[in-house]
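S.K.: The structure under discussion is supplied below as structure tokens; questions concerning it will follow.
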Protein chains: 2
Amino acid sequence: MADMEEHSATASDACTGVDRQDCEVRQILDRVADKWSLLVIALLDEQTLRFTELRRKIDGISQRMLTVTLRQLERDGLVERTVYAVVPPRVDYTLTPLGATLHDPIRALVAWTEAHQNEIAAARAAYDAREATEGLPQA
Amino acid sequence: MADMEEHSATASDACTGVDRQDCEVRQILDRVADKWSLLVIALLDEQTLRFTELRRKIDGISQRMLTVTLRQLERDGLVERTVYAVVPPRVDYTLTPLGATLHDPIRALVAWTEAHQNEIAAARAAYDAREATEGLPQA
């Protein structure tokens with residue numbers, strides 16, 4: 001997954017031709033409209049965290065995916081990485097002022113998700129029941 | 001990409017244990033916090049569209065990825081699929097009332113992206129320049 005995500009992020013970096021601006025907006029959407037990025041930003045919006053703290057708080061993320069996600073967010077100027085020359089080395093991650101401006105849109109999306117999870121669970125159950133009797137729909 | 005997305009979506013469907021609710025929220029975030037899903041919902045928020053119209057409007061999406069995305073959105077109860085028995089068969093996609101409630105959070109995220117794309121492009125250029133001289137950071 002991490003390999004695929006990293007590769008696709010790299011591959012999508014080439015924007016050329018008439019759709020360049022549209023492509024760039026899509027690239028950024030691709031970065032912020034990503035489950036792991038949203039979770040990292042939501043957590044850092046509350047406090048500065050170390051890599052190990054982020055990994056512990058984000059259930060199910062692999063070390064490699066968290067590394068890739070943090071590097072992309074740092075590259076986008078949304079997250080700042082501070083290394084302290086102590087033993088063992090300590091690395092803190094904080095939101096940049098630009099990253100902090102994502103607070104409202106991300107909270108809105110997370111709040112929507114929390115508010116509607118039961119409706120979605122019910123819709124999925126109904127869909128799966130239909131699918132079991134009718135088979136997969138055609139595109 | 002489509003295979004991977006579809007597989008990861010399927011794999012993430014198993015929520016068990018104490019983190020079940022957290023896992024379910026994450027699953028839904030995984031669905032709505034997805035570039036293609038956001039673009040489809042944003043387009044359907046304006047009008048009902050056919051598969052071929054969606055594919056044409058979403059630059060860069062493959063037929064398979066659009067099929068997978070629409071099927072997941074339909075399963076989540078966010079998009080409704082209507083098949084008309086004409087020749088050739090016509091399939092319309094519209095937002096459900098639940099899907100329409102995503103208007104505000106998604107517009108906020110897209111507006112943020114459009115508003116900050118230049119800052120992000122500048123941050124990426126600066127990061128790439130640093131990386132070229134200092135090499136990749138460690139996690």
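By convention in this document, the chains of the structure tokens carry letters A, B, ... by their order, each chain's residues are numbered from 1, and ligands are numbered from 1 in the order they are shown.
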How close does chain A get to chain B? List, as a tab-separated table, each residue of chain A within 7 Å, its nearest atom pair and the distance in Å to one decimal, counting only C-alpha atoms.

M.R.:
residue	atom	partner	partner_atom	distance
A:Val25	CA	B:Glu114	CA	6.2
A:Ile28	CA	B:Thr113	CA	6.4
A:Leu29	CA	B:Lys35	CA	6.0
A:Asp30	CA	B:Lys35	CA	5.1
A:Ala33	CA	B:Ala33	CA	4.8
A:Asp34	CA	B:Ala33	CA	5.3
A:Lys35	CA	B:Asp30	CA	5.1
A:Thr67	CA	B:Ala139	CA	5.6
A:Arg75	CA	B:Arg124	CA	5.0
A:Asp76	CA	B:Ile120	CA	5.1
A:Gly77	CA	B:Ala123	CA	5.0
A:Pro105	CA	B:Leu109	CA	5.3
A:Ala108	CA	B:Pro105	CA	5.3
A:Leu109	CA	B:Pro105	CA	5.3
A:Thr113	CA	B:Val25	CA	6.3
A:Glu114	CA	B:Val25	CA	6.2
A:Gln117	CA	B:Val25	CA	6.5
A:Ile120	CA	B:Asp76	CA	5.1
A:Ala123	CA	B:Gly77	CA	5.0
A:Arg124	CA	B:Arg75	CA	5.0
A:Tyr127	CA	B:Arg75	CA	5.4
A:Ala139	CA	B:Thr67	CA	5.7

S.K.: Dump N, CA, C and O atoms for the selected residues as a short mmCIF file (atom, residue, chain, number, x, y, z; two decimals), in the first residue's frame?

M.R.:
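Okay, this is what ended up in result_33.cif:
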data_model
loop_
_atom_site.label_atom_id
_atom_site.label_comp_id
_atom_site.auth_asym_id
_atom_site.auth_seq_id
_atom_site.Cartn_x
_atom_site.Cartn_y
_atom_site.Cartn_z
N VAL A 25 -4.63 21.47 -8.81
CA VAL A 25 -5.65 21.44 -7.75
C VAL A 25 -5.96 19.99 -7.38
O VAL A 25 -6.05 19.63 -6.20
N ILE A 28 -3.30 18.48 -5.20
CA ILE A 28 -3.35 18.91 -3.80
C ILE A 28 -4.53 18.22 -3.11
O ILE A 28 -4.41 17.72 -1.99
N LEU A 29 -5.66 18.14 -3.83
CA LEU A 29 -6.81 17.40 -3.29
C LEU A 29 -6.40 15.97 -2.98
O LEU A 29 -6.75 15.40 -1.95
N ASP A 30 -5.59 15.42 -3.87
CA ASP A 30 -5.14 14.04 -3.70
C ASP A 30 -4.34 13.90 -2.41
O ASP A 30 -4.36 12.86 -1.76
N ALA A 33 -7.06 15.21 0.54
CA ALA A 33 -8.22 14.32 0.58
C ALA A 33 -7.72 12.89 0.64
O ALA A 33 -7.87 12.10 -0.29
N ASP A 34 -7.07 12.58 1.73
CA ASP A 34 -6.47 11.27 1.94
C ASP A 34 -6.69 10.93 3.39
O ASP A 34 -6.41 11.74 4.27
N LYS A 35 -7.19 9.75 3.64
CA LYS A 35 -7.55 9.36 5.01
C LYS A 35 -6.41 9.59 5.99
O LYS A 35 -6.59 10.24 7.02
N THR A 67 5.43 7.38 7.48
CA THR A 67 6.62 8.10 7.00
C THR A 67 6.31 8.82 5.70
O THR A 67 6.61 10.01 5.53
N ARG A 75 6.38 18.26 2.65
CA ARG A 75 6.69 18.82 1.33
C ARG A 75 5.63 19.84 0.91
O ARG A 75 5.93 20.85 0.29
N ASP A 76 4.39 19.58 1.31
CA ASP A 76 3.29 20.50 0.96
C ASP A 76 3.27 21.74 1.85
O ASP A 76 2.43 22.62 1.66
N GLY A 77 4.18 21.78 2.85
CA GLY A 77 4.23 22.94 3.73
C GLY A 77 3.13 22.94 4.77
O GLY A 77 2.81 23.98 5.35
N PRO A 105 -12.05 22.91 7.44
CA PRO A 105 -12.55 21.94 6.46
C PRO A 105 -12.41 20.49 6.93
O PRO A 105 -13.31 19.67 6.69
N ALA A 108 -14.96 19.67 9.62
CA ALA A 108 -16.30 19.53 9.02
C ALA A 108 -16.47 18.13 8.42
O ALA A 108 -17.52 17.51 8.59
N LEU A 109 -15.42 17.64 7.76
CA LEU A 109 -15.51 16.32 7.14
C LEU A 109 -15.56 15.22 8.20
O LEU A 109 -16.37 14.28 8.11
N THR A 113 -18.65 12.66 9.04
CA THR A 113 -18.46 11.21 9.09
C THR A 113 -19.02 10.63 10.37
O THR A 113 -19.75 9.63 10.36
N GLU A 114 -18.72 11.30 11.49
CA GLU A 114 -19.20 10.80 12.78
C GLU A 114 -20.72 10.90 12.87
O GLU A 114 -21.39 10.01 13.38
N GLN A 117 -22.36 8.06 10.31
CA GLN A 117 -21.82 6.70 10.17
C GLN A 117 -22.90 5.64 10.26
O GLN A 117 -22.83 4.62 9.57
N ILE A 120 -24.72 5.38 6.95
CA ILE A 120 -23.88 4.74 5.94
C ILE A 120 -23.79 3.24 6.20
O ILE A 120 -23.88 2.42 5.28
N ALA A 123 -26.92 1.79 4.92
CA ALA A 123 -26.93 1.76 3.45
C ALA A 123 -26.07 0.61 2.93
O ALA A 123 -26.45 -0.09 1.99
N ARG A 124 -24.92 0.41 3.57
CA ARG A 124 -24.03 -0.67 3.12
C ARG A 124 -24.69 -2.02 3.34
O ARG A 124 -24.63 -2.90 2.46
N TYR A 127 -27.32 -2.45 0.66
CA TYR A 127 -26.69 -2.68 -0.65
C TYR A 127 -26.18 -4.11 -0.74
O TYR A 127 -26.41 -4.80 -1.74
N ALA A 139 -21.73 -0.96 -14.67
CA ALA A 139 -21.39 0.47 -14.60
C ALA A 139 -22.30 1.26 -15.52
O ALA A 139 -22.52 0.86 -16.65
#
